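Engineer: What follows is the file final-v5.cif, containing mmCIF, C-alpha atoms:
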```cif
data_my_file
loop_
_atom_site.label_atom_id
_atom_site.label_comp_id
_atom_site.auth_asym_id
_atom_site.auth_seq_id
_atom_site.Cartn_x
_atom_site.Cartn_y
_atom_site.Cartn_z
CA MET A 1 91.60 139.84 18.23
CA GLU A 2 88.82 140.42 15.74
CA VAL A 3 87.43 136.97 16.42
CA LYS A 4 87.50 137.62 20.14
CA LYS A 5 85.75 140.94 19.72
CA ARG A 6 83.19 139.34 17.48
CA LEU A 7 82.52 136.64 20.06
CA GLU A 8 82.12 139.19 22.79
CA SER A 9 79.73 141.22 20.68
CA LEU A 10 77.72 138.15 19.87
CA LEU A 11 77.58 136.96 23.44
CA GLY A 12 76.82 140.41 24.71
CA SER A 13 74.01 141.00 22.30
CA GLY A 14 71.89 138.15 23.65
CA ASP A 15 69.02 138.55 26.02
CA CYS A 16 70.40 136.00 28.54
CA LYS A 17 71.12 137.27 32.04
CA ARG A 18 73.18 135.41 34.75
CA GLN A 19 71.20 134.28 37.78
CA PRO A 20 72.54 134.30 41.36
CA ALA A 21 74.77 131.28 42.19
CA ALA A 22 73.65 128.50 44.61
CA THR A 23 76.10 127.05 47.20
CA ARG A 24 76.50 123.43 48.44
CA MET A 25 79.18 121.46 50.42
CA ALA A 26 81.27 118.96 48.47
CA THR A 27 84.50 116.94 48.78
CA PRO A 28 87.48 118.82 47.30
CA GLN A 29 89.14 117.56 44.13
CA VAL A 30 92.71 116.26 44.64
CA ASP A 31 95.39 114.68 42.47
CA ASN A 32 94.40 111.03 41.98
CA ARG A 33 97.97 109.88 41.43
CA MET A 34 99.24 111.38 44.69
CA LEU A 35 96.14 110.05 46.43
CA GLY A 36 96.99 106.55 45.22
CA GLU A 37 100.60 106.92 46.41
CA LEU A 38 99.46 107.88 49.91
CA GLU A 39 97.04 104.97 50.04
CA LEU A 40 99.85 102.58 49.02
CA MET A 41 101.91 103.92 51.92
CA GLY A 42 99.12 102.84 54.29
CA PHE A 43 97.34 106.14 54.92
CA PRO A 44 93.50 106.02 54.92
CA THR A 45 91.67 107.65 52.02
CA ALA A 46 90.01 110.32 54.15
CA CYS A 47 93.34 111.25 55.77
CA SER A 48 95.05 111.36 52.37
CA ILE A 49 92.37 113.62 50.82
CA ARG A 50 92.48 115.93 53.85
CA ALA A 51 96.29 116.13 53.71
CA LEU A 52 96.39 116.82 49.94
CA HIS A 53 93.70 119.46 50.22
CA PHE A 54 95.18 121.38 53.15
CA SER A 55 98.76 121.09 51.84
CA GLY A 56 97.78 122.77 48.58
CA ASN A 57 97.59 119.58 46.48
CA SER A 58 101.16 120.31 45.39
CA ASN A 59 103.38 117.30 46.20
CA LEU A 60 103.62 114.18 48.34
CA GLU A 61 106.22 115.58 50.74
CA SER A 62 103.99 118.46 51.79
CA ALA A 63 101.04 116.11 52.25
CA ILE A 64 103.02 113.66 54.43
CA ASN A 65 104.48 116.49 56.51
CA TRP A 66 100.95 117.77 57.08
CA LEU A 67 99.84 114.27 58.15
CA LEU A 68 102.72 113.92 60.62
CA GLU A 69 101.99 117.32 62.13
CA HIS A 70 98.21 116.79 62.44
CA GLU A 71 98.02 113.05 63.19
CA ASN A 72 96.62 113.66 66.70
CA GLU A 73 93.70 115.86 65.59
CA PRO A 74 90.26 114.36 66.37
CA ASP A 75 88.85 114.88 62.83
CA ILE A 76 91.88 113.48 60.95
CA ASP A 77 89.81 110.52 59.68
CA GLN A 78 86.94 112.67 58.31
CA LEU A 79 86.60 113.85 54.72
CA PRO A 80 86.95 117.62 54.31
CA LEU A 81 84.01 119.53 52.85
CA ILE A 82 84.25 122.81 50.96
CA PRO A 83 81.49 125.09 49.59
CA ARG A 84 80.92 124.93 45.81
CA GLU A 85 78.88 127.43 43.73
CA ILE A 86 76.40 126.34 41.04
CA ASN A 87 75.76 128.99 38.33
CA ILE A 88 72.25 129.00 36.97
CA GLU A 89 71.87 130.83 33.68
CA CYS A 90 68.88 131.64 31.56
CA GLY A 91 68.15 130.13 28.13
CA ASP A 92 70.62 129.43 25.32
CA THR A 93 72.19 132.09 23.09
CA PRO A 94 70.58 132.76 19.73
CA ASN A 95 71.26 130.28 16.93
CA GLU A 96 72.78 132.92 14.73
CA ALA A 97 75.40 133.83 17.29
CA ARG A 98 76.24 130.18 17.82
CA ASN A 99 76.66 129.57 14.11
CA ASP A 100 78.84 132.64 13.70
CA ILE A 101 81.08 131.53 16.53
CA GLN A 102 81.55 128.09 15.02
CA GLY A 103 82.32 129.58 11.63
CA MET A 104 84.91 131.95 13.03
CA ARG A 105 86.60 129.12 14.89
CA ALA A 106 86.80 127.05 11.69
CA ASN A 107 88.24 129.96 9.73
CA ALA A 108 90.82 130.63 12.39
CA GLN A 109 91.92 127.00 12.39
CA GLU A 110 92.16 126.85 8.57
CA SER A 111 94.14 130.07 8.40
CA LYS A 112 96.95 128.86 10.59
CA PRO A 113 97.19 125.04 10.38
CA GLU A 114 100.95 124.97 10.45
CA GLU A 115 101.20 127.15 13.54
CA SER A 116 98.72 124.96 15.36
CA THR A 117 100.62 121.79 14.44
CA ALA A 118 103.99 123.20 15.59
CA ALA A 119 102.50 124.54 18.77
CA GLY A 120 100.89 121.16 19.45
CA ARG A 121 104.15 119.31 18.95
CA GLN A 122 105.98 121.74 21.19
CA LYS A 123 103.26 121.42 23.75
CA ASP A 124 103.44 117.61 23.66
CA THR A 125 107.24 117.69 24.04
CA SER A 126 107.02 120.05 26.99
CA GLN A 127 104.34 117.89 28.52
CA VAL A 128 106.51 114.76 28.22
CA GLU A 129 109.49 116.55 29.72
CA ARG A 130 107.38 117.82 32.59
CA GLU A 131 106.04 114.34 33.23
CA LEU A 132 109.56 112.86 33.25
CA ASN A 133 110.78 115.53 35.61
CA ALA A 134 107.71 115.05 37.74
CA ASP A 135 108.36 111.29 37.92
CA GLN A 136 111.96 111.87 38.95
CA ASN A 137 110.89 114.42 41.50
CA GLU A 138 108.23 112.06 42.80
CA ASP A 139 110.80 109.26 43.22
CA GLU A 140 113.12 111.59 45.08
CA VAL A 141 110.28 112.88 47.21
CA ARG A 142 109.11 109.34 47.92
CA ARG A 143 112.61 108.32 48.98
CA ARG A 144 112.94 111.36 51.22
CA ILE A 145 109.50 110.71 52.68
CA VAL A 146 110.39 107.10 53.48
CA GLU A 147 113.64 108.21 55.10
CA LEU A 148 111.83 110.89 57.07
CA TYR A 149 109.17 108.45 58.21
CA LYS A 150 111.80 105.88 59.20
CA SER A 151 113.80 108.53 61.04
CA LYS A 152 110.70 109.59 62.94
CA GLN A 153 109.90 105.98 63.84
CA ASP A 154 113.48 105.46 65.08
CA GLY A 155 113.25 108.61 67.16
CA GLN A 156 109.97 107.48 68.68
CA GLU A 157 111.46 104.06 69.46
CA ARG A 158 114.46 105.67 71.15
CA GLU A 159 112.16 107.90 73.16
CA ARG A 160 110.08 104.90 74.25
CA GLY A 161 113.27 103.06 75.25
CA ARG A 162 114.42 106.05 77.27
CA ILE A 163 111.05 106.24 79.01
CA ARG A 164 111.17 102.49 79.82
CA ASN A 165 114.66 102.83 81.28
CA GLN A 166 113.58 105.83 83.31
CA LEU A 167 110.57 103.94 84.67
CA GLN A 168 112.75 100.98 85.64
CA GLU A 169 115.24 103.27 87.33
CA ASP A 170 112.43 105.01 89.22
CA LYS A 171 111.09 101.63 90.32
CA ARG A 172 114.51 100.54 91.61
CA GLU A 173 114.87 103.84 93.42
CA ARG A 174 111.47 103.42 95.09
CA ILE A 175 112.36 99.88 96.19
CA ARG A 176 115.69 101.06 97.62
CA ALA A 177 114.01 103.94 99.45
CA ALA A 178 111.38 101.57 100.88
CA LYS A 179 114.10 99.21 102.16
CA GLU A 180 115.99 102.07 103.77
CA LEU A 181 112.80 103.36 105.38
CA THR A 182 111.96 99.89 106.74
CA GLU A 183 115.46 99.45 108.15
CA ALA A 184 115.40 102.90 109.74
CA LYS A 185 112.00 102.18 111.28
CA ARG A 186 113.21 98.85 112.67
CA THR A 187 116.32 100.48 114.14
CA LEU A 188 114.23 103.24 115.69
CA GLU A 189 111.86 100.73 117.29
CA GLU A 190 114.78 98.67 118.60
CA ASN A 191 116.43 101.73 120.13
CA GLN A 192 113.13 102.77 121.66
CA ARG A 193 112.67 99.33 123.24
CA LYS A 194 116.19 99.48 124.66
CA ARG A 195 115.55 102.91 126.13
CA VAL A 196 112.30 101.72 127.71
CA MET A 197 114.02 98.68 129.24
CA GLU A 198 116.88 100.78 130.56
CA SER A 199 114.41 103.29 131.99
CA ARG A 200 112.44 100.54 133.72
CA LYS A 201 115.60 99.01 135.13
CA ALA A 202 116.78 102.39 136.41
CA ASP A 203 113.36 103.00 137.99
CA GLN A 204 113.48 99.62 139.72
CA GLU A 205 116.97 100.28 141.06
CA GLU A 206 115.94 103.71 142.28
CA GLU A 207 112.83 102.29 143.92
CA LYS A 208 114.89 99.60 145.62
CA LYS A 209 117.38 102.14 146.91
CA ALA A 210 114.55 104.35 148.13
CA ARG A 211 112.98 101.45 150.06
CA GLU A 212 116.36 100.62 151.57
CA ARG A 213 116.86 104.22 152.67
CA ILE A 214 113.39 104.36 154.19
CA ARG A 215 113.91 101.07 156.04
CA LYS A 216 117.25 102.22 157.38
CA ARG A 217 115.79 105.54 158.47
CA ILE A 218 112.96 103.76 160.31
CA GLU A 219 115.41 101.46 162.08
CA ASP A 220 117.58 104.41 163.03
CA ASP A 221 114.56 106.28 164.38
CA LYS A 222 113.46 103.28 166.43
CA ALA A 223 116.94 102.80 167.84
CA GLU A 224 117.16 106.49 168.72
CA ARG A 225 113.79 106.43 170.52
CA ARG A 226 114.76 103.33 172.50
CA ARG A 227 118.04 104.95 173.43
CA ARG A 228 116.30 108.08 174.65
CA LEU A 229 113.80 106.06 176.68
CA GLY A 230 116.57 103.95 178.19
CA LEU A 231 115.21 100.71 176.74
CA PRO A 232 117.52 97.88 175.66
CA MET A 233 118.39 97.75 172.00
CA GLU A 234 115.99 95.73 169.86
CA ASN A 235 117.31 92.55 168.27
CA PRO A 236 117.74 93.45 164.55
CA VAL A 237 116.97 89.89 163.45
CA ALA A 238 113.28 89.13 163.65
CA SER A 239 113.73 85.49 162.79
CA VAL A 240 116.18 84.88 165.61
CA PRO A 241 114.33 83.40 168.56
CA THR A 242 114.52 85.06 171.93
CA LEU A 243 117.58 83.76 173.68
CA THR A 244 117.21 82.96 177.35
CA PRO A 245 120.51 83.51 179.10
CA MET A 246 121.72 80.72 181.36
CA LYS A 247 122.81 81.33 184.87
CA ILE A 248 126.40 80.99 183.88
CA LYS A 249 129.06 83.47 184.53
CA PRO A 250 129.54 85.51 181.36
CA VAL A 251 132.73 84.77 179.56
CA GLU A 252 134.20 87.19 177.13
CA PRO A 253 134.19 85.57 173.70
CA ALA A 254 137.56 84.53 172.40
CA VAL A 255 136.23 84.99 168.85
CA SER A 256 135.26 88.48 167.72
CA PRO A 257 132.12 89.24 165.69
CA GLU A 258 134.40 90.48 162.92
CA GLN A 259 135.86 86.99 162.53
CA LEU A 260 132.39 85.50 162.30
CA ARG A 261 131.40 88.14 159.72
CA ASP A 262 134.51 87.49 157.63
CA CYS A 263 133.82 83.76 157.60
CA LEU A 264 130.23 84.30 156.41
CA ARG A 265 131.38 86.90 153.88
CA ASN A 266 133.90 84.47 152.38
CA LEU A 267 131.27 81.74 152.20
CA LYS A 268 128.89 84.03 150.29
CA LYS A 269 131.62 85.25 147.94
CA ASN A 270 132.69 81.70 147.13
CA TYR A 271 129.14 80.78 146.07
CA LYS A 272 127.79 84.12 144.86
CA ASP A 273 126.46 82.51 141.66
CA ASP A 274 124.29 80.07 143.65
CA THR A 275 122.16 82.24 145.93
CA ALA A 276 119.81 79.42 146.87
CA LYS A 277 122.64 77.26 148.21
CA VAL A 278 124.05 80.13 150.31
CA THR A 279 120.61 80.96 151.72
CA ARG A 280 120.03 77.31 152.64
CA ALA A 281 123.41 77.15 154.41
CA PHE A 282 122.64 80.30 156.43
CA GLN A 283 119.26 78.88 157.46
CA ILE A 284 120.83 75.63 158.71
CA LEU A 285 123.55 77.49 160.62
CA LEU A 286 121.00 79.78 162.27
CA LYS A 287 118.83 76.82 163.24
CA ILE A 288 121.80 74.99 164.83
CA ILE A 289 122.74 78.07 166.89
CA ALA A 290 119.13 78.73 167.95
CA ASN A 291 118.62 75.12 169.09
CA ILE A 292 121.72 75.27 171.30
CA VAL A 293 120.70 78.64 172.78
CA LYS A 294 117.19 77.38 173.55
CA ASN A 295 118.27 73.97 174.82
CA PRO A 296 121.86 74.13 176.01
CA GLU A 297 121.39 70.98 178.08
CA GLU A 298 120.31 68.85 175.11
CA GLU A 299 123.33 66.98 173.81
CA LYS A 300 121.65 66.10 170.51
CA PHE A 301 121.70 69.77 169.52
CA ARG A 302 125.41 70.01 170.34
CA ARG A 303 126.36 66.91 168.34
CA ILE A 304 126.31 66.90 164.50
CA ARG A 305 127.23 63.96 162.28
CA LEU A 306 129.40 65.13 159.39
CA ASN A 307 128.00 62.46 157.04
CA ASN A 308 124.42 63.54 157.65
CA PRO A 309 123.01 64.02 154.09
CA VAL A 310 121.19 67.25 154.88
CA PHE A 311 124.09 68.79 156.78
CA LYS A 312 126.69 67.60 154.29
CA GLU A 313 124.78 68.94 151.29
CA SER A 314 123.82 72.30 152.79
CA VAL A 315 126.79 73.14 155.08
CA GLY A 316 129.48 70.49 155.18
CA SER A 317 130.26 70.61 151.45
CA LEU A 318 130.55 74.42 151.42
CA GLN A 319 133.90 76.02 152.05
CA GLY A 320 133.52 78.02 155.26
CA GLY A 321 130.48 76.22 156.68
CA VAL A 322 132.31 73.90 159.13
CA GLU A 323 134.83 76.67 159.89
CA PHE A 324 132.01 78.94 161.05
CA LEU A 325 130.71 76.28 163.46
CA GLU A 326 134.23 75.77 164.82
CA LEU A 327 134.41 79.52 165.52
CA CYS A 328 131.12 79.18 167.43
CA GLY A 329 132.69 76.52 169.74
CA PHE A 330 132.23 73.21 167.94
CA MET A 331 135.10 70.72 167.87
CA LYS A 332 135.70 68.47 164.87
CA LEU A 333 136.30 64.82 165.78
CA THR A 334 137.89 63.33 162.70
CA ILE A 335 137.93 59.72 163.94
CA SER A 336 134.28 59.56 164.91
CA GLY A 337 133.16 61.95 162.16
CA TYR A 338 131.22 64.34 164.42
CA LEU A 339 131.13 68.00 165.30
CA VAL A 340 130.71 68.31 169.05
CA MET A 341 130.27 71.29 171.39
CA PRO A 342 131.13 70.28 174.99
CA LYS A 343 128.81 71.61 177.64
CA ASP A 344 131.56 73.51 179.36
CA LYS A 345 132.46 75.21 176.08
CA ILE A 346 129.05 76.82 175.60
CA ASN A 347 129.49 80.60 175.19
CA MET A 348 126.12 82.33 175.01
CA ALA A 349 127.59 85.71 174.09
CA LEU A 350 129.47 84.16 171.19
CA LEU A 351 126.39 82.22 170.06
CA ASN A 352 124.22 85.36 170.23
CA ALA A 353 126.79 87.28 168.19
CA ALA A 354 126.94 84.44 165.67
CA GLY A 355 123.14 84.42 165.35
CA VAL A 356 123.08 88.16 164.74
CA GLU A 357 125.75 87.89 162.02
CA VAL A 358 123.96 85.02 160.25
CA ALA A 359 120.64 86.90 160.34
CA SER A 360 122.31 90.04 158.99
CA ALA A 361 123.88 88.04 156.17
CA MET A 362 120.44 86.68 155.26
CA GLU A 363 118.65 90.05 155.25
CA ASN A 364 121.32 92.28 153.72
CA PRO A 365 121.46 91.67 149.92
CA TYR A 366 124.86 93.37 149.70
CA PHE A 367 126.42 91.31 152.49
CA GLY A 368 129.71 89.85 151.30
CA LEU A 369 129.62 91.55 147.89
CA LEU A 370 131.67 94.57 148.94
CA SER A 371 135.26 94.38 150.06
CA LYS A 372 136.00 94.90 153.67
#
```
Could I get this structure in the form of structure tokens?
Structural biologist:
Amino acid sequence: MEVKKRLESLLGSGDCKRQPAATRMATPQVDNRMLGELELMGFPTACSIRALHFSGNSNLESAINWLLEHENEPDIDQLPLIPREINIECGDTPNEARNDIQGMRANAQESKPEESTAAGRQKDTSQVERELNADQNEDEVRRRIVELYKSKQDGQERERGRIRNQLQEDKRERIRAAKELTEAKRTLEENQRKRVMESRKADQEEEKKARERIRKRIEDDKAERRRRLGLPMENPVASVPTLTPMKIKPVEPAVSPEQLRDCLRNLKKNYKDDTAKVTRAFQILLKIIANIVKNPEEEKFRRIRLNNPVFKESVGSLQGGVEFLELCGFMKLTISGYLVMPKDKINMALLNAAGVEVASAMENPYFGLLSK
């Protein structure tokens, strides 16, 4: 205590006065051994210095935890700078005070050599023990740090795997949704086309029925006007030529118009799938009847060869064609192979009725399709 007081008195007695301190920025001092350990682990020097400084320069575990928590900061790779004061003092202390201080230090050391030696040995032993404990602690910390780092890497890898699986699942879901949308769109377009076609077909049918109703109404009106005026009924078949009656006593037909109609109806039903063939047969039949009505005296119009190619193909080969001509008055001569209508068998009323029925069968699209 006396030495300390003496030193204070000597130092205080000088004329030196402390000057204000200057400040500058400098890199902080860190533990070189821990800095080397971090560099061996692969961390950059600047990152290691920053981590040791901000973690208190205490141990490796704290430094690595700080690095893991702040690895995304923009200035992680920059060296930290801290302010440092520089004390500027005036001149040296007097020589007498310096000499007295050195003398007192020497006396103090000579007075207690044994205490200094024992204290030094104890200090060295404690230092060795602390270093051993520190090495053990450092090994344990290093092991824990490696495990922690590995655990974090495994967790990140699992998270990346989960994200990849989620992305793949999302992609499959988008593809499935796109396929379903395409299929739904195709089905919608197909249904829309069907509805349009059905609507057009219905419109055509309705238009056809409307035209038929109008035509029938016009014909009914014309017939009613002719009846009121006392005029003869108009021939409903425009294509049938005007028939000039012969000066022959009218004979009531032995064949009714209903029989003629049934024969034509059966012919059309038998060949309903071949409309062209039926139409051709009706045209030939109408032409035969018209020729006889116009020229009853001409035998060539009342004589038909069954093997005639045109007649055989259009009428003779059809079931009901020859039967219709027989109802009109023709006679079938099997031996000679002809259909003949004798002059005395000409029945104009029957021929006119037959012409009307054939013309009606040609104009009416529903002729023969409905049951009697």
Engineer: With 12 Å as the threshold, what does the neighbourhood of (125.6, 65.3, 163.1) contain in terms of residues, counting all atoms listed in the file? Coordinates are those of the file; answer as a VMD selection string.
Structural biologist: chain A and resid 288 299 to 312 315 to 316 322 330 to 333 336 to 341
Engineer: Once you add 4 Å to each side, what are the centre and edge lengths of the axis-aligned box holding all listed atoms of stretch 129-133 of chain A? One decimal in Å, as lines of an AutoDock Vina configuration file, if you can.
Structural biologist:
```
center_x = 108.4
center_y = 115.3
center_z = 32.7
size_x = 12.7
size_y = 13.0
size_z = 13.9
```
Engineer: What separation in Å, quoted to one decimal, exists between atom CA of A:Leu38 and atom CA of A:Ala63?
Structural biologist: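 One can read the atom CA of A:Leu38 to atom CA of A:Ala63 distance as 8.7 Å.
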Engineer: Starting from the PyMOL selection byres ((chain A and resi 328) around 8), expand the selection into actual residues of this file and give them as a tab-separated table (two decimals) with C-alpha atoms, in the coordinates of the input.
Structural biologist:
```tsv
chain	number	residue	atom	x	y	z
A	255	VAL	CA	136.23	84.99	168.85
A	324	PHE	CA	132.01	78.94	161.05
A	325	LEU	CA	130.71	76.28	163.46
A	326	GLU	CA	134.23	75.77	164.82
A	327	LEU	CA	134.41	79.52	165.52
A	329	GLY	CA	132.69	76.52	169.74
A	330	PHE	CA	132.23	73.21	167.94
A	350	LEU	CA	129.47	84.16	171.19
A	351	LEU	CA	126.39	82.22	170.06
A	354	ALA	CA	126.94	84.44	165.67
```
Engineer: As a check of understanding, name the residues that the PyMOL selection byres ((chain A and resi 29) around 10) selects in the supplied structure, as a count of residues only.
Structural biologist: 11
